[in-house]
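Novice: What follows is entry07.cif; its format and atoms are mmCIF, C-alpha atoms.
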```cif
data_target
#
loop_
_atom_site.label_atom_id
_atom_site.label_comp_id
_atom_site.auth_asym_id
_atom_site.auth_seq_id
_atom_site.Cartn_x
_atom_site.Cartn_y
_atom_site.Cartn_z
CA MET A 1085 127.40 95.77 85.83
CA VAL A 1086 125.12 97.58 88.29
CA LEU A 1087 123.60 99.55 85.41
CA LEU A 1088 123.15 96.40 83.34
CA SER A 1089 121.52 94.65 86.27
CA ALA A 1090 119.12 97.54 86.77
CA CYS A 1091 118.19 97.67 83.09
CA ALA A 1092 117.55 93.93 82.82
CA SER A 1093 115.44 92.53 85.62
CA GLN A 1094 114.02 89.02 85.56
CA PRO A 1095 110.28 88.59 86.18
CA PRO A 1096 109.77 87.32 89.76
CA GLU A 1097 107.89 84.22 88.64
CA GLN A 1098 110.79 83.17 86.41
CA ALA A 1099 113.29 83.79 89.21
CA ALA A 1100 111.17 81.70 91.57
CA ARG A 1101 111.30 78.79 89.12
CA GLY A 1102 115.08 79.12 88.83
CA GLU A 1103 114.97 79.76 85.09
CA VAL A 1104 118.07 80.97 83.25
CA PHE A 1105 117.98 84.73 82.66
CA ASP A 1106 120.31 85.61 79.80
CA PRO A 1107 119.20 88.85 78.08
CA PHE A 1108 122.77 89.55 76.93
CA GLU A 1109 123.24 86.20 75.20
CA ASN A 1110 124.53 87.60 71.92
CA ALA A 1111 127.23 89.64 73.65
CA ASN A 1112 127.97 86.78 76.05
CA ARG A 1113 128.48 84.37 73.17
CA GLY A 1114 130.95 86.77 71.60
CA ILE A 1115 132.93 86.95 74.84
CA HIS A 1116 132.68 83.17 75.20
CA LYS A 1117 134.21 82.77 71.74
CA PHE A 1118 137.03 85.12 72.76
CA ASN A 1119 137.61 83.18 75.98
CA LEU A 1120 137.72 79.91 74.03
CA GLY A 1121 140.45 81.37 71.83
CA VAL A 1122 142.47 82.51 74.85
CA ASP A 1123 142.06 79.08 76.43
CA ARG A 1124 142.86 77.09 73.28
CA PHE A 1125 146.01 78.96 72.31
CA LEU A 1126 147.33 80.22 75.65
CA PHE A 1127 145.84 79.05 78.93
CA ARG A 1128 145.23 75.38 78.05
CA PRO A 1129 148.73 74.61 76.72
CA ALA A 1130 150.38 76.64 79.50
CA SER A 1131 148.34 74.85 82.18
CA LYS A 1132 149.02 71.38 80.81
CA SER A 1133 152.75 72.15 80.63
CA TYR A 1134 152.66 73.55 84.16
CA VAL A 1135 151.20 70.41 85.77
CA ARG A 1136 153.41 68.17 83.61
CA ILE A 1137 156.66 69.93 84.55
CA VAL A 1138 156.00 71.02 88.14
CA PRO A 1139 155.71 68.19 90.72
CA ASP A 1140 152.19 67.63 91.97
CA PRO A 1141 152.98 68.48 95.64
CA VAL A 1142 154.38 71.83 94.52
CA VAL A 1143 151.28 72.54 92.42
CA THR A 1144 149.19 71.78 95.50
CA SER A 1145 151.32 74.09 97.67
CA PHE A 1146 151.00 76.98 95.21
CA SER A 1147 147.22 76.49 95.11
CA THR A 1148 147.10 76.38 98.91
CA PHE A 1149 149.10 79.61 99.09
CA ALA A 1150 146.64 81.30 96.70
CA GLU A 1151 143.72 80.21 98.86
CA ASN A 1152 145.41 81.25 102.11
CA ILE A 1153 146.11 84.82 101.02
CA THR A 1154 142.40 85.28 100.24
CA LEU A 1155 141.46 84.54 103.87
CA PRO A 1156 141.66 88.16 105.15
CA GLY A 1157 139.37 89.22 102.31
CA GLN A 1158 136.98 86.40 103.13
CA ALA A 1159 137.01 87.54 106.75
CA VAL A 1160 135.84 90.97 105.54
CA ASP A 1161 133.02 89.34 103.58
CA TYR A 1162 131.92 87.23 106.55
CA LEU A 1163 131.93 90.36 108.71
CA LEU A 1164 129.72 92.16 106.18
CA GLN A 1165 127.42 89.11 106.18
CA GLY A 1166 127.01 89.42 109.94
CA ASN A 1167 128.84 86.17 110.64
CA PRO A 1168 131.44 86.89 113.36
CA LYS A 1169 132.12 83.19 113.98
CA GLN A 1170 133.30 82.59 110.42
CA THR A 1171 135.13 85.93 110.45
CA GLY A 1172 137.21 84.72 113.38
CA ASN A 1173 137.64 81.32 111.79
CA ALA A 1174 139.01 82.83 108.56
CA LEU A 1175 141.46 85.05 110.46
CA LEU A 1176 142.61 82.19 112.69
CA ARG A 1177 143.17 79.94 109.69
CA PHE A 1178 145.19 82.71 108.07
CA VAL A 1179 147.43 83.20 111.12
CA ILE A 1180 148.03 79.46 111.59
CA ASN A 1181 148.71 78.75 107.93
CA MET A 1182 150.97 81.76 107.45
CA THR A 1183 153.07 80.85 110.48
CA ALA A 1184 153.03 77.08 110.92
CA GLY A 1185 152.26 76.55 107.23
CA ALA A 1186 155.45 78.04 105.76
CA PHE A 1187 153.92 81.37 104.72
CA GLY A 1188 150.75 79.73 103.47
CA LEU A 1189 152.23 76.98 101.32
CA PHE A 1190 150.58 74.36 103.54
CA ASP A 1191 147.31 74.04 105.42
CA PRO A 1192 148.02 72.92 109.01
CA ALA A 1193 144.65 74.42 110.05
CA ALA A 1194 142.96 71.57 108.20
CA GLU A 1195 145.01 69.06 110.21
CA LEU A 1196 143.67 70.75 113.36
CA ASN A 1197 140.15 70.02 112.04
CA MET A 1198 139.33 73.68 111.63
CA PRO A 1199 136.32 74.05 109.32
CA PRO A 1200 137.12 75.38 105.83
CA VAL A 1201 135.92 78.81 104.71
CA ASP A 1202 134.70 79.77 101.29
CA THR A 1203 132.86 82.99 100.56
CA ASP A 1204 133.03 86.13 98.42
CA PHE A 1205 131.30 89.46 98.01
CA GLY A 1206 128.81 87.92 95.57
CA GLU A 1207 127.59 85.79 98.48
CA THR A 1208 127.54 88.90 100.66
CA LEU A 1209 125.20 90.58 98.18
CA HIS A 1210 123.08 87.41 98.22
CA VAL A 1211 122.86 87.60 102.03
CA TRP A 1212 121.86 91.25 101.75
CA GLY A 1213 118.95 90.25 99.53
CA PHE A 1214 120.24 91.16 96.07
CA GLY A 1215 118.94 88.94 93.29
CA GLU A 1216 121.12 86.85 91.01
CA GLY A 1217 120.62 89.18 88.07
CA ALA A 1218 121.40 88.36 84.48
CA TYR A 1219 123.92 85.75 83.40
CA VAL A 1220 127.12 87.28 82.01
CA GLU A 1221 130.41 85.92 80.74
CA LEU A 1222 133.43 88.01 81.67
CA PRO A 1223 136.54 88.30 79.47
CA PHE A 1224 139.38 86.07 80.74
CA TYR A 1225 137.30 85.20 83.84
CA GLY A 1226 134.43 83.17 82.44
CA PRO A 1227 130.83 82.54 83.61
CA SER A 1228 129.27 84.86 86.16
CA THR A 1229 126.13 86.85 86.92
CA THR A 1230 125.70 90.59 87.29
CA ARG A 1231 125.62 90.16 91.08
CA ASP A 1232 128.73 87.97 91.16
CA ALA A 1233 130.53 90.25 88.69
CA VAL A 1234 130.14 93.13 91.13
CA GLY A 1235 131.54 90.79 93.78
CA VAL A 1236 134.56 89.95 91.62
CA VAL A 1237 135.43 93.63 91.24
CA PHE A 1238 134.87 94.37 94.94
CA ASN A 1239 137.07 91.48 96.06
CA LEU A 1240 139.94 92.81 93.96
CA PHE A 1241 140.18 95.70 96.42
CA SER A 1242 138.71 94.35 99.68
CA ASN A 1243 141.56 92.09 100.79
CA PRO A 1244 143.54 93.84 103.56
CA ILE A 1245 146.73 92.24 102.21
CA ASN A 1246 146.51 94.66 99.28
CA PHE A 1247 147.03 97.57 101.67
CA THR A 1248 149.91 96.26 103.78
CA PRO A 1249 153.09 98.35 103.46
CA VAL A 1250 155.31 95.27 103.11
CA ARG A 1251 154.43 92.79 100.36
CA PRO A 1252 156.68 90.27 98.61
CA ALA A 1253 155.37 91.47 95.23
CA GLU A 1254 152.85 93.90 93.82
CA ASN A 1255 149.54 92.29 92.86
CA ILE A 1256 150.63 89.00 94.43
CA GLY A 1257 147.01 88.02 94.89
CA VAL A 1258 146.39 88.24 91.15
CA TYR A 1259 149.52 86.22 90.32
CA ALA A 1260 148.66 83.57 92.90
CA GLU A 1261 145.10 83.26 91.58
CA VAL A 1262 146.37 82.81 88.01
CA VAL A 1263 148.73 80.06 89.17
CA ARG A 1264 145.93 78.37 91.13
CA ARG A 1265 143.65 78.43 88.10
CA MET A 1266 146.44 77.02 85.96
CA GLY A 1267 146.78 74.13 88.38
CA ASP A 1268 143.04 73.43 88.29
CA ARG A 1269 142.91 73.76 84.50
CA GLY A 1270 145.80 71.38 84.05
CA ARG A 1271 144.62 68.80 86.57
CA PHE A 1272 141.06 68.66 85.24
CA SER A 1273 141.99 69.16 81.61
CA ASP A 1274 139.98 66.22 80.26
CA THR A 1275 136.78 67.32 82.00
CA VAL A 1276 137.16 70.97 80.99
CA ASP A 1277 138.00 70.01 77.40
CA SER A 1278 134.89 67.83 77.19
CA ILE A 1279 132.75 70.83 78.16
CA LEU A 1280 134.49 73.45 76.04
CA TYR A 1281 135.43 71.49 72.93
CA GLU A 1282 133.25 68.39 72.79
CA SER A 1283 129.83 69.82 73.70
CA ALA A 1284 127.32 70.61 70.99
CA ASP A 1285 126.96 74.06 72.58
CA SER A 1286 129.79 74.81 74.99
CA TYR A 1287 128.31 78.18 75.91
CA ALA A 1288 124.99 76.71 77.05
CA GLN A 1289 126.76 73.85 78.81
CA ALA A 1290 129.12 76.15 80.74
CA ARG A 1291 126.22 78.46 81.64
CA LEU A 1292 124.13 75.59 83.01
CA ILE A 1293 126.98 74.11 85.06
CA TYR A 1294 127.95 77.48 86.52
CA LEU A 1295 124.43 78.49 87.53
CA GLN A 1296 123.59 75.11 89.06
CA ASN A 1297 126.82 75.02 91.04
CA ARG A 1298 126.56 78.64 92.19
CA ARG A 1299 122.95 78.28 93.31
CA PHE A 1300 123.88 75.13 95.24
CA GLU A 1301 126.76 76.96 96.96
CA LEU A 1302 124.55 79.86 98.03
CA ALA A 1303 121.82 77.50 99.27
CA ARG A 1304 124.12 75.58 101.63
CA ASP A 1305 123.61 77.95 104.56
CA ASP A 1306 119.94 78.63 103.80
CA GLU A 1307 117.86 75.59 104.76
CA ASP A 1308 114.72 76.70 102.92
CA ALA A 1309 116.64 77.53 99.75
CA PHE A 1310 118.57 74.27 100.00
CA LEU A 1311 115.38 72.23 100.28
CA ASP A 1312 113.90 74.12 97.33
CA LEU A 1313 116.54 72.53 95.13
CA TYR A 1314 114.86 69.18 95.79
CA ASN A 1315 111.20 70.16 95.62
CA ASP A 1316 108.64 67.42 94.90
CA PRO A 1317 107.51 68.09 91.30
CA TYR A 1318 104.05 66.78 92.18
CA ALA A 1319 103.56 68.86 95.31
CA ASP A 1320 101.90 71.84 93.62
CA ALA A 1321 99.60 69.67 91.55
CA GLY A 1322 98.31 67.84 94.62
CA THR A 1323 99.05 64.46 93.06
CA ASP A 1324 101.15 61.56 94.16
CA PRO A 1325 103.19 59.55 91.63
CA VAL A 1326 102.14 56.30 93.30
CA SER A 1327 98.41 56.87 93.95
CA ASP A 1328 97.56 58.73 90.72
CA PRO A 1329 96.61 56.13 88.04
CA LEU A 1330 97.82 58.49 85.30
CA LEU A 1331 101.27 58.42 86.89
CA ASP A 1332 101.40 54.78 87.96
CA PRO A 1333 101.48 52.42 84.97
CA TYR A 1334 101.31 49.40 87.29
CA GLU A 1335 98.07 50.26 89.07
CA ASP A 1336 95.24 47.77 88.48
CA PRO A 1337 92.50 49.64 86.55
CA TYR A 1338 89.91 47.12 87.86
CA ALA A 1339 90.89 47.35 91.53
CA GLU A 1340 87.70 49.13 92.49
#
```
So, in terms of structure tokens, how does the structure I just supplied come out?

Specialist:
Amino acid sequence: MVLLSACASQPPEQAARGEVFDPFENANRGIHKFNLGVDRFLFRPASKSYVRIVPDPVVTSFSTFAENITLPGQAVDYLLQGNPKQTGNALLRFVINMTAGAFGLFDPAAELNMPPVDTDFGETLHVWGFGEGAYVELPFYGPSTTRDAVGVVFNLFSNPINFTPVRPAENIGVYAEVVRRMGDRGRFSDTVDSILYESADSYAQARLIYLQNRRFELARDDEDAFLDLYNDPYADAGTDPVSDPLLDPYEDPYAE
């Protein structure tokens, strides 16, 4: 992914305009077709059966457990981002939820009004100044970018839980994440199906939704970047949609 990112760099003016950069579209569409097959014949039916058979509170608890065991890894990412406050917050949430929350099946930290945490190594690279890179679709995983793909691989190994001598099961983080994704896929089946199977171009639709959502997430803690998402389209042209007669169909042409 690092090599691909280096070989395919987006022109700065296109990046500034937030345009989609997809130089690997042909390969991505092939992987997208593969992922659709996996979803249609395996993940979709398994997920729908999972949420139909397993009681909803249990599905929620399993998802909460999957999120809680990622907290030490998120603490590492916050530390690398130079954010000690959120590092401590992630670790404190982990301790509270793993003790008072029945080994992470519940989220008592939320009841204590502790702020939620949500980060990854892709965001760490963003904080360090790495660009988004090219859009890529990963087998079994789905939409990503070259920067976030590096983050996905890094986070597989960065969670301190993976190195503890006593674990209830090998690769428990992977299993928990699969179960969490099954819960989300089953609960939001109608919405996901409308994107994947009812869109005229499911690849383009999934790409657009992913990039918009990811850019919004990364802009939350950056005021300038956040405001850029809502730029006035007339600001650069020096025109105002109310005062410009070409833009205001209700202005009296004989007023002067």

Novice: Can you tell me which residues surround range 1210-1220 of chain A at a distance of at most 6 Å, considering all atoms listed in the file, apart from same-chain residues fewer than 4 positions away, and format the answer as a PDB file with C-alpha atoms, in the coordinates of the input?

Specialist:
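Resulting contents of selection32.pdb:
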```pdb
ATOM      1  CA  SER A1089     121.520  94.650  86.270  1.00  0.00           C
ATOM      2  CA  PHE A1105     117.980  84.730  82.660  1.00  0.00           C
ATOM      3  CA  ASP A1106     120.310  85.610  79.800  1.00  0.00           C
ATOM      4  CA  SER A1228     129.270  84.860  86.160  1.00  0.00           C
ATOM      5  CA  THR A1229     126.130  86.850  86.920  1.00  0.00           C
ATOM      6  CA  THR A1230     125.700  90.590  87.290  1.00  0.00           C
ATOM      7  CA  ARG A1231     125.620  90.160  91.080  1.00  0.00           C
TER       8      ARG A1231
END
```

Novice: Could you list as a ChimeraX atom specification every residue that has an atom within 9 Å of (150.0, 76.0, 112.1), using the file's coordinates and counting all atoms listed in the file?

Specialist: /A:1177,1179-1186,1190-1193,1195-1196

Novice: How would the residues just chosen look if you wrote them out with C-alpha atoms as a PDB file, keeping the file's coordinate frame?

Specialist:
```pdb
ATOM      1  CA  ARG A1177     143.170  79.940 109.690  1.00  0.00           C
ATOM      2  CA  VAL A1179     147.430  83.200 111.120  1.00  0.00           C
ATOM      3  CA  ILE A1180     148.030  79.460 111.590  1.00  0.00           C
ATOM      4  CA  ASN A1181     148.710  78.750 107.930  1.00  0.00           C
ATOM      5  CA  MET A1182     150.970  81.760 107.450  1.00  0.00           C
ATOM      6  CA  THR A1183     153.070  80.850 110.480  1.00  0.00           C
ATOM      7  CA  ALA A1184     153.030  77.080 110.920  1.00  0.00           C
ATOM      8  CA  GLY A1185     152.260  76.550 107.230  1.00  0.00           C
ATOM      9  CA  ALA A1186     155.450  78.040 105.760  1.00  0.00           C
ATOM     10  CA  PHE A1190     150.580  74.360 103.540  1.00  0.00           C
ATOM     11  CA  ASP A1191     147.310  74.040 105.420  1.00  0.00           C
ATOM     12  CA  PRO A1192     148.020  72.920 109.010  1.00  0.00           C
ATOM     13  CA  ALA A1193     144.650  74.420 110.050  1.00  0.00           C
ATOM     14  CA  GLU A1195     145.010  69.060 110.210  1.00  0.00           C
ATOM     15  CA  LEU A1196     143.670  70.750 113.360  1.00  0.00           C
TER      16      LEU A1196
END
```

Novice: If we count only C-alpha atoms, what is near Phe1127 in chain A at a cut-off of 12 Å, once residues fewer than 3 positions away on the same chain are taken out, given as number ranges by chain?

Specialist: A: 1119-1124, 1130-1134, 1224-1225, 1262-1263, 1265-1270, 1273

Novice: Using Å and a single decimal, report how far CA of Glu1261 in chain A sits from CA of Asn1110 in chain A.

Specialist: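 Here the two named atoms are 28.8 Å from each other.
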
Novice: Using the chain letters and numbers from the file, which residues does the PyMOL selection byres ((chain A and resi 1113) around 12) grab, as a list in words?

Specialist: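 After applying the PyMOL selection byres ((chain A and resi 1113) around 12), what remains is Asp1106, Pro1107, Phe1108, Glu1109, Asn1110, Ala1111, Asn1112, Gly1114, Ile1115, His1116, Lys1117, Phe1118, Asn1119, Leu1120, Tyr1219, Val1220, Glu1221, Leu1222, Pro1223, Gly1226, Pro1227, Asp1285, Ser1286, Tyr1287, Ala1288, Ala1290 and Arg1291 of chain A.
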
Novice: Please indicate the distance in Å from CA of Phe1205 in chain A to CA of Asn1239 in chain A, rounded to one decimal place.

Specialist: 6.4 Å

Novice: Running the PyMOL selection byres ((chain A and resi 1244) around 12) on this model by hand, what would come out? Give it as an MDAnalysis selection string.

Specialist: chainID A and resid 1153:1161 1175 1239:1243 1245:1251 1257

Novice: Write to file, as a JSON list (two decimals), in the coordinates of the input, the residues of the selection just made, with C-alpha atoms.

Specialist:
```
[["chain", "number", "residue", "atom", "x", "y", "z"],
["A", 1153, "ILE", "CA", 146.11, 84.82, 101.02],
["A", 1154, "THR", "CA", 142.40, 85.28, 100.24],
["A", 1155, "LEU", "CA", 141.46, 84.54, 103.87],
["A", 1156, "PRO", "CA", 141.66, 88.16, 105.15],
["A", 1157, "GLY", "CA", 139.37, 89.22, 102.31],
["A", 1158, "GLN", "CA", 136.98, 86.40, 103.13],
["A", 1159, "ALA", "CA", 137.01, 87.54, 106.75],
["A", 1160, "VAL", "CA", 135.84, 90.97, 105.54],
["A", 1161, "ASP", "CA", 133.02, 89.34, 103.58],
["A", 1175, "LEU", "CA", 141.46, 85.05, 110.46],
["A", 1239, "ASN", "CA", 137.07, 91.48, 96.06],
["A", 1240, "LEU", "CA", 139.94, 92.81, 93.96],
["A", 1241, "PHE", "CA", 140.18, 95.70, 96.42],
["A", 1242, "SER", "CA", 138.71, 94.35, 99.68],
["A", 1243, "ASN", "CA", 141.56, 92.09, 100.79],
["A", 1245, "ILE", "CA", 146.73, 92.24, 102.21],
["A", 1246, "ASN", "CA", 146.51, 94.66, 99.28],
["A", 1247, "PHE", "CA", 147.03, 97.57, 101.67],
["A", 1248, "THR", "CA", 149.91, 96.26, 103.78],
["A", 1249, "PRO", "CA", 153.09, 98.35, 103.46],
["A", 1250, "VAL", "CA", 155.31, 95.27, 103.11],
["A", 1251, "ARG", "CA", 154.43, 92.79, 100.36],
["A", 1257, "GLY", "CA", 147.01, 88.02, 94.89]]
```

Novice: Pull out every residue that the PyMOL selection byres ((chain A and resi 1148) around 9) matches in the shown coordinates and put them as a list of chain:residue names.

Specialist: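 Applying the expression gives A:Val1143, A:Thr1144, A:Ser1145, A:Phe1146, A:Ser1147, A:Phe1149, A:Ala1150, A:Glu1151, A:Asn1152, A:Ile1153, A:Gly1188, A:Leu1189, A:Phe1190, A:Asp1191, A:Arg1264.
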
Novice: Please, what distance in Å, to one decimal, runs between CA of Glu1207 in chain A and CA of Val1236 in chain A?

Specialist: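 We find that CA of Glu1207 in chain A and CA of Val1236 in chain A lie 10.6 Å from each other.
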
Novice: Can you fill out range 1136-1162 of chain A with N, CA, C and O atoms and hand it back as an mmCIF file, keeping the file's coordinate frame?

Specialist:
```cif
data_model
loop_
_atom_site.group_PDB
_atom_site.id
_atom_site.type_symbol
_atom_site.label_atom_id
_atom_site.label_comp_id
_atom_site.auth_asym_id
_atom_site.auth_seq_id
_atom_site.Cartn_x
_atom_site.Cartn_y
_atom_site.Cartn_z
ATOM 1 N N ARG A 1136 152.536 69.253 84.072
ATOM 2 C CA ARG A 1136 153.410 68.170 83.610
ATOM 3 C C ARG A 1136 154.848 68.380 84.092
ATOM 4 O O ARG A 1136 155.548 67.418 84.426
ATOM 5 N N ILE A 1137 155.279 69.631 84.179
ATOM 6 C CA ILE A 1137 156.660 69.930 84.550
ATOM 7 C C ILE A 1137 156.830 70.068 86.062
ATOM 8 O O ILE A 1137 157.795 69.554 86.648
ATOM 9 N N VAL A 1138 155.889 70.755 86.703
ATOM 10 C CA VAL A 1138 156.000 71.020 88.140
ATOM 11 C C VAL A 1138 155.462 69.820 88.919
ATOM 12 O O VAL A 1138 154.381 69.320 88.618
ATOM 13 N N PRO A 1139 156.194 69.330 89.918
ATOM 14 C CA PRO A 1139 155.710 68.190 90.720
ATOM 15 C C PRO A 1139 154.363 68.483 91.359
ATOM 16 O O PRO A 1139 154.087 69.617 91.762
ATOM 17 N N ASP A 1140 153.551 67.453 91.474
ATOM 18 C CA ASP A 1140 152.190 67.630 91.970
ATOM 19 C C ASP A 1140 152.148 68.247 93.371
ATOM 20 O O ASP A 1140 151.298 69.115 93.626
ATOM 21 N N PRO A 1141 153.014 67.834 94.315
ATOM 22 C CA PRO A 1141 152.980 68.480 95.640
ATOM 23 C C PRO A 1141 153.244 69.983 95.582
ATOM 24 O O PRO A 1141 152.691 70.745 96.383
ATOM 25 N N VAL A 1142 154.084 70.400 94.647
ATOM 26 C CA VAL A 1142 154.380 71.830 94.520
ATOM 27 C C VAL A 1142 153.171 72.564 93.942
ATOM 28 O O VAL A 1142 152.830 73.667 94.382
ATOM 29 N N VAL A 1143 152.502 71.950 92.967
ATOM 30 C CA VAL A 1143 151.280 72.540 92.420
ATOM 31 C C VAL A 1143 150.246 72.721 93.529
ATOM 32 O O VAL A 1143 149.591 73.766 93.636
ATOM 33 N N THR A 1144 150.123 71.709 94.382
ATOM 34 C CA THR A 1144 149.190 71.780 95.500
ATOM 35 C C THR A 1144 149.575 72.904 96.464
ATOM 36 O O THR A 1144 148.712 73.653 96.943
ATOM 37 N N SER A 1145 150.859 73.036 96.747
ATOM 38 C CA SER A 1145 151.320 74.090 97.670
ATOM 39 C C SER A 1145 151.037 75.478 97.113
ATOM 40 O O SER A 1145 150.607 76.382 97.841
ATOM 41 N N PHE A 1146 151.270 75.678 95.818
ATOM 42 C CA PHE A 1146 151.000 76.980 95.210
ATOM 43 C C PHE A 1146 149.501 77.302 95.271
ATOM 44 O O PHE A 1146 149.106 78.440 95.522
ATOM 45 N N SER A 1147 148.673 76.290 95.034
ATOM 46 C CA SER A 1147 147.220 76.490 95.110
ATOM 47 C C SER A 1147 146.796 76.813 96.544
ATOM 48 O O SER A 1147 145.934 77.669 96.770
ATOM 49 N N THR A 1148 147.407 76.123 97.502
ATOM 50 C CA THR A 1148 147.100 76.380 98.910
ATOM 51 C C THR A 1148 147.498 77.789 99.303
ATOM 52 O O THR A 1148 146.764 78.483 100.024
ATOM 53 N N PHE A 1149 148.660 78.241 98.811
ATOM 54 C CA PHE A 1149 149.100 79.610 99.090
ATOM 55 C C PHE A 1149 148.089 80.620 98.543
ATOM 56 O O PHE A 1149 147.738 81.596 99.219
ATOM 57 N N ALA A 1150 147.618 80.383 97.299
ATOM 58 C CA ALA A 1150 146.640 81.300 96.700
ATOM 59 C C ALA A 1150 145.361 81.363 97.515
ATOM 60 O O ALA A 1150 144.768 82.437 97.682
ATOM 61 N N GLU A 1151 144.939 80.229 98.040
ATOM 62 C CA GLU A 1151 143.720 80.210 98.860
ATOM 63 C C GLU A 1151 143.957 80.898 100.202
ATOM 64 O O GLU A 1151 143.084 81.622 100.702
ATOM 65 N N ASN A 1152 145.137 80.675 100.782
ATOM 66 C CA ASN A 1152 145.410 81.250 102.110
ATOM 67 C C ASN A 1152 145.468 82.769 102.084
ATOM 68 O O ASN A 1152 145.020 83.420 103.026
ATOM 69 N N ILE A 1153 146.001 83.360 101.023
ATOM 70 C CA ILE A 1153 146.110 84.820 101.020
ATOM 71 C C ILE A 1153 144.768 85.491 100.728
ATOM 72 O O ILE A 1153 144.662 86.719 100.809
ATOM 73 N N THR A 1154 143.742 84.704 100.386
ATOM 74 C CA THR A 1154 142.400 85.280 100.240
ATOM 75 C C THR A 1154 141.650 85.318 101.568
ATOM 76 O O THR A 1154 140.581 85.932 101.647
ATOM 77 N N LEU A 1155 142.198 84.677 102.604
ATOM 78 C CA LEU A 1155 141.460 84.540 103.870
ATOM 79 C C LEU A 1155 141.134 85.880 104.536
ATOM 80 O O LEU A 1155 140.020 86.046 105.050
ATOM 81 N N PRO A 1156 142.054 86.871 104.569
ATOM 82 C CA PRO A 1156 141.660 88.160 105.150
ATOM 83 C C PRO A 1156 140.491 88.803 104.406
ATOM 84 O O PRO A 1156 139.603 89.393 105.033
ATOM 85 N N GLY A 1157 140.484 88.696 103.082
ATOM 86 C CA GLY A 1157 139.370 89.220 102.310
ATOM 87 C C GLY A 1157 138.079 88.487 102.596
ATOM 88 O O GLY A 1157 136.993 89.088 102.663
ATOM 89 N N GLN A 1158 138.176 87.166 102.785
ATOM 90 C CA GLN A 1158 136.980 86.400 103.130
ATOM 91 C C GLN A 1158 136.487 86.779 104.523
ATOM 92 O O GLN A 1158 135.272 86.783 104.770
ATOM 93 N N ALA A 1159 137.420 87.089 105.420
ATOM 94 C CA ALA A 1159 137.010 87.540 106.750
ATOM 95 C C ALA A 1159 136.197 88.828 106.660
ATOM 96 O O ALA A 1159 135.205 89.005 107.382
ATOM 97 N N VAL A 1160 136.604 89.734 105.759
ATOM 98 C CA VAL A 1160 135.840 90.970 105.540
ATOM 99 C C VAL A 1160 134.442 90.647 105.052
ATOM 100 O O VAL A 1160 133.445 91.219 105.519
ATOM 101 N N ASP A 1161 134.330 89.704 104.110
ATOM 102 C CA ASP A 1161 133.020 89.340 103.580
ATOM 103 C C ASP A 1161 132.138 88.720 104.665
ATOM 104 O O ASP A 1161 130.947 89.035 104.757
ATOM 105 N N TYR A 1162 132.716 87.825 105.470
ATOM 106 C CA TYR A 1162 131.920 87.230 106.550
ATOM 107 C C TYR A 1162 131.458 88.294 107.543
ATOM 108 O O TYR A 1162 130.343 88.223 108.081
#
```
